[in-house]
Amino acid sequence: MAHEISDLVTLLPQTNQLIGLFSIIRDENTPRSDFVFYSDRIIRLLVEEGLNHLPVEPKVISTPTNEKFDGVLFLGKICGVSIVRAGESMEKGLRDCCRSVRIGKILIQRDEETALPKLFYEKLPTDIDSRFVFLLDPMLATGGSAILATKVLINRGVKPERIFFLNLVAAPEGIEAYVKAFPSIKIITGAIDKGLNDKKYIIPGIGDFGDRYYCI
Ligand code: URA
């Protein structure tokens with residue numbers, strides 16, 4: 001069972017398996033191919049946990065043994081929205097669980113003049129306001145980009161209670177800022193770290209997730 005830190009924050013179960021996966025991707029000496037492989041495994045766990053939060057209705061199934069099984073049926077349509085670039089690393093994990101899922105993208109970068117996050121590009125499913133949305137960004141540091149991305153979703157008509165923000169590692173500062181901005185949106189995370197350093201990197205953290213997943 002995942003651990004409900006609060007009504008809004010779910011932490012994946014801190015099993016030896018998960019800590020082992022994090023030990024590999026947190027290690028500065030891990031080569032990129034391993035970083036990608038083991039990050040993908042954590043991402044898959046996050047997506048599976050996210051799916052647990054979707055509503056279901058009861059459905060009785062007939063099995064090949066002429067017996068009944070009290071099952072459930074997922075209700076509602078979902079889509080993913082990745083915050084470019086690092087969030088794109090989480091798209092495959094979502095696709096592996098939800099065949100032909102629609103995925104939108106939001107590009108946010110730091111405005112050089114104001115140092116604040118600025119929206120550069122958004123491309124979202126046209127019917128996003130009728131979907132549950134998995135917002136994808138692996139690192140919740142200050143929360144600045146995630147808050148802006150979530151405002152974009154809400155402006156497009158998505159109900160806050162239909163948004164689930166999935167990340168691998170969260171800093172307490174980011175969680176606090178995000179929950180304060182959106183007191184009804186759930187965060188699902190793999191780890192809650194100590195905090196941020198003076199460069200706003202999460203510590204102990206992973207380093208620059210996008211660089212390690214795509215470049216280094
Ligand atoms: N983004 C990253 O990739 N790493 C951090 O530690 C913080 C933000």
# chains A, B, ... in the order shown; residues from 1 in each chain; ligands from 1

$ select_by_dssp --residues "segment 60-174 of chain A" --states "strand (DSSP E or B)" --output "ChimeraX atom specification"
/A:60-62,68-74,77-84,102-110,117-123,131-136,139-140,163-170

$ write_last_selection --atoms "N, CA and C atoms" --output "tab-separated table (two decimals), in the first residue's frame"
chain	number	residue	atom	x	y	z
A	60	VAL	N	-19.59	-7.20	-12.35
A	60	VAL	CA	-19.52	-8.65	-12.11
A	60	VAL	C	-19.11	-9.33	-13.41
A	61	ILE	N	-18.08	-10.18	-13.32
A	61	ILE	CA	-17.49	-10.84	-14.49
A	61	ILE	C	-17.83	-12.33	-14.43
A	62	SER	N	-18.11	-12.94	-15.60
A	62	SER	CA	-18.24	-14.40	-15.67
A	62	SER	C	-16.90	-14.97	-16.10
A	68	LYS	N	-18.64	-16.42	-10.92
A	68	LYS	CA	-18.70	-14.96	-11.00
A	68	LYS	C	-17.53	-14.36	-10.23
A	69	PHE	N	-17.08	-13.24	-10.72
A	69	PHE	CA	-16.03	-12.50	-10.03
A	69	PHE	C	-16.51	-11.06	-9.85
A	70	ASP	N	-16.43	-10.57	-8.60
A	70	ASP	CA	-16.85	-9.18	-8.33
A	70	ASP	C	-15.71	-8.25	-8.70
A	71	GLY	N	-15.74	-7.74	-9.92
A	71	GLY	CA	-14.67	-6.88	-10.41
A	71	GLY	C	-15.07	-5.42	-10.39
A	72	VAL	N	-14.25	-4.62	-11.05
A	72	VAL	CA	-14.56	-3.19	-11.19
A	72	VAL	C	-14.25	-2.77	-12.62
A	73	LEU	N	-14.84	-1.65	-12.98
A	73	LEU	CA	-14.62	-1.06	-14.30
A	73	LEU	C	-14.13	0.37	-14.08
A	74	PHE	N	-13.03	0.73	-14.74
A	74	PHE	CA	-12.55	2.12	-14.63
A	74	PHE	C	-13.55	3.07	-15.26
A	77	LYS	N	-12.14	9.04	-18.79
A	77	LYS	CA	-11.02	8.99	-19.74
A	77	LYS	C	-9.83	9.71	-19.11
A	78	ILE	N	-8.64	9.26	-19.46
A	78	ILE	CA	-7.48	9.95	-18.91
A	78	ILE	C	-6.60	10.48	-20.03
A	79	CYS	N	-5.69	11.36	-19.68
A	79	CYS	CA	-4.62	11.76	-20.61
A	79	CYS	C	-3.41	12.14	-19.77
A	80	GLY	N	-2.28	12.24	-20.42
A	80	GLY	CA	-1.06	12.69	-19.75
A	80	GLY	C	-0.70	14.08	-20.26
A	81	VAL	N	-0.03	14.84	-19.42
A	81	VAL	CA	0.55	16.11	-19.87
A	81	VAL	C	1.95	16.17	-19.30
A	82	SER	N	2.95	16.23	-20.20
A	82	SER	CA	4.32	16.27	-19.69
A	82	SER	C	4.85	17.69	-19.74
A	83	ILE	N	5.62	18.03	-18.72
A	83	ILE	CA	6.32	19.31	-18.72
A	83	ILE	C	7.66	19.06	-19.40
A	84	VAL	N	7.84	19.65	-20.58
A	84	VAL	CA	9.02	19.43	-21.41
A	84	VAL	C	10.25	20.03	-20.71
A	102	ARG	N	-3.75	9.70	-24.82
A	102	ARG	CA	-3.37	11.00	-25.41
A	102	ARG	C	-2.41	11.72	-24.47
A	103	ILE	N	-1.43	12.38	-25.06
A	103	ILE	CA	-0.44	13.07	-24.23
A	103	ILE	C	-0.22	14.48	-24.76
A	104	GLY	N	-0.43	15.46	-23.89
A	104	GLY	CA	-0.16	16.85	-24.24
A	104	GLY	C	1.18	17.27	-23.69
A	105	LYS	N	1.62	18.46	-24.12
A	105	LYS	CA	2.93	18.95	-23.67
A	105	LYS	C	2.84	20.42	-23.28
A	106	ILE	N	3.61	20.75	-22.27
A	106	ILE	CA	3.72	22.15	-21.85
A	106	ILE	C	5.21	22.46	-21.71
A	107	LEU	N	5.64	23.54	-22.36
A	107	LEU	CA	7.04	23.95	-22.24
A	107	LEU	C	7.10	25.22	-21.39
A	108	ILE	N	7.83	25.12	-20.30
A	108	ILE	CA	8.01	26.26	-19.40
A	108	ILE	C	9.50	26.47	-19.20
A	109	GLN	N	9.94	27.69	-19.34
A	109	GLN	CA	11.35	27.97	-19.08
A	109	GLN	C	11.48	29.22	-18.23
A	110	ARG	N	12.64	29.38	-17.67
A	110	ARG	CA	12.90	30.55	-16.85
A	110	ARG	C	12.99	31.79	-17.72
A	117	PRO	N	9.31	31.40	-13.84
A	117	PRO	CA	8.94	30.47	-14.90
A	117	PRO	C	7.97	31.13	-15.89
A	118	LYS	N	8.20	30.85	-17.20
A	118	LYS	CA	7.37	31.48	-18.23
A	118	LYS	C	6.87	30.40	-19.18
A	119	LEU	N	5.60	30.49	-19.57
A	119	LEU	CA	5.02	29.51	-20.49
A	119	LEU	C	5.46	29.85	-21.91
A	120	PHE	N	6.08	28.86	-22.59
A	120	PHE	CA	6.53	29.08	-23.96
A	120	PHE	C	5.64	28.35	-24.97
A	121	TYR	N	5.06	27.23	-24.57
A	121	TYR	CA	4.33	26.41	-25.55
A	121	TYR	C	3.38	25.48	-24.81
A	122	GLU	N	2.19	25.30	-25.37
A	122	GLU	CA	1.28	24.28	-24.83
A	122	GLU	C	0.57	23.61	-25.98
A	123	LYS	N	0.43	22.32	-25.94
A	123	LYS	CA	-0.33	21.57	-26.93
A	123	LYS	C	-1.06	20.48	-26.15
A	131	ARG	N	-11.35	15.02	-19.16
A	131	ARG	CA	-10.46	13.90	-18.82
A	131	ARG	C	-9.85	14.04	-17.43
A	132	PHE	N	-9.42	12.90	-16.89
A	132	PHE	CA	-8.49	12.92	-15.75
A	132	PHE	C	-7.10	13.16	-16.33
A	133	VAL	N	-6.32	13.97	-15.66
A	133	VAL	CA	-5.01	14.35	-16.22
A	133	VAL	C	-3.88	13.91	-15.30
A	134	PHE	N	-2.93	13.15	-15.83
A	134	PHE	CA	-1.69	12.86	-15.12
A	134	PHE	C	-0.65	13.88	-15.58
A	135	LEU	N	-0.32	14.80	-14.69
A	135	LEU	CA	0.71	15.80	-14.99
A	135	LEU	C	2.06	15.18	-14.65
A	136	LEU	N	2.98	15.22	-15.61
A	136	LEU	CA	4.23	14.47	-15.48
A	136	LEU	C	5.44	15.39	-15.41
A	139	MET	N	10.86	15.86	-11.20
A	139	MET	CA	11.43	16.49	-10.01
A	139	MET	C	10.54	17.66	-9.57
A	140	LEU	N	10.00	17.56	-8.36
A	140	LEU	CA	9.24	18.69	-7.80
A	140	LEU	C	10.19	19.44	-6.87
A	163	ILE	N	-6.90	16.28	-11.55
A	163	ILE	CA	-5.47	16.35	-11.89
A	163	ILE	C	-4.68	15.56	-10.84
A	164	PHE	N	-3.72	14.75	-11.32
A	164	PHE	CA	-2.80	14.02	-10.44
A	164	PHE	C	-1.39	14.37	-10.90
A	165	PHE	N	-0.59	14.88	-9.97
A	165	PHE	CA	0.76	15.32	-10.32
A	165	PHE	C	1.74	14.22	-9.90
A	166	LEU	N	2.39	13.61	-10.90
A	166	LEU	CA	3.29	12.47	-10.64
A	166	LEU	C	4.74	12.92	-10.73
A	167	ASN	N	5.51	12.63	-9.70
A	167	ASN	CA	6.96	12.91	-9.80
A	167	ASN	C	7.76	11.87	-9.04
A	168	LEU	N	9.03	11.72	-9.44
A	168	LEU	CA	9.88	10.71	-8.79
A	168	LEU	C	10.36	11.19	-7.43
A	169	VAL	N	10.82	12.45	-7.40
A	169	VAL	CA	11.38	12.98	-6.16
A	169	VAL	C	10.78	14.37	-5.90
A	170	ALA	N	10.39	14.61	-4.67
A	170	ALA	CA	9.82	15.92	-4.31
A	170	ALA	C	10.61	16.51	-3.16

$ select_by_dssp --residues "segment 32-214 of chain A" --states "alpha helix (DSSP H)" --output "number ranges by chain"
A: 32-52, 91-97, 144-155, 172-181, 209-214

$ residues_near_ligand --ligand "ligand 1" --cutoff "10 Å" --atoms "only C-alpha atoms and all ligand atoms" --output "ChimeraX atom specification"
/A:85-87,137-143,145,169-171,174,193,195-197,199-213

$ atom_distance --atom1 "atom CA of Gly20 of chain A" --atom2 "atom CA of His3 of chain A"
18.0 Å

$ residues_around --residues "Ser33 of chain A" --least-positions-apart "3" --cutoff "12 Å" --atoms "only C-alpha atoms" --output "ChimeraX atom specification"
/A:24-25,29-30,36-40,212-216

$ atom_distance --atom1 "atom CA of Pro55 of chain A" --atom2 "atom CA of Ala191 of chain A"
24.8 Å

$ closest_residue --among "A:Ile42, A:Leu18, A:Asp198, A:Ile175" --to "Ile5 of chain A" --atoms "only C-alpha atoms"
A:Ile175

$ closest_residue --among "A:Tyr178, A:Arg99, A:Leu45, A:Val158" --to "Asp127 of chain A" --atoms "only C-alpha atoms"
A:Val158

$ atom_distance --atom1 "atom CA of Leu75 of chain A" --atom2 "atom CA of Gly190 of chain A"
25.3 Å
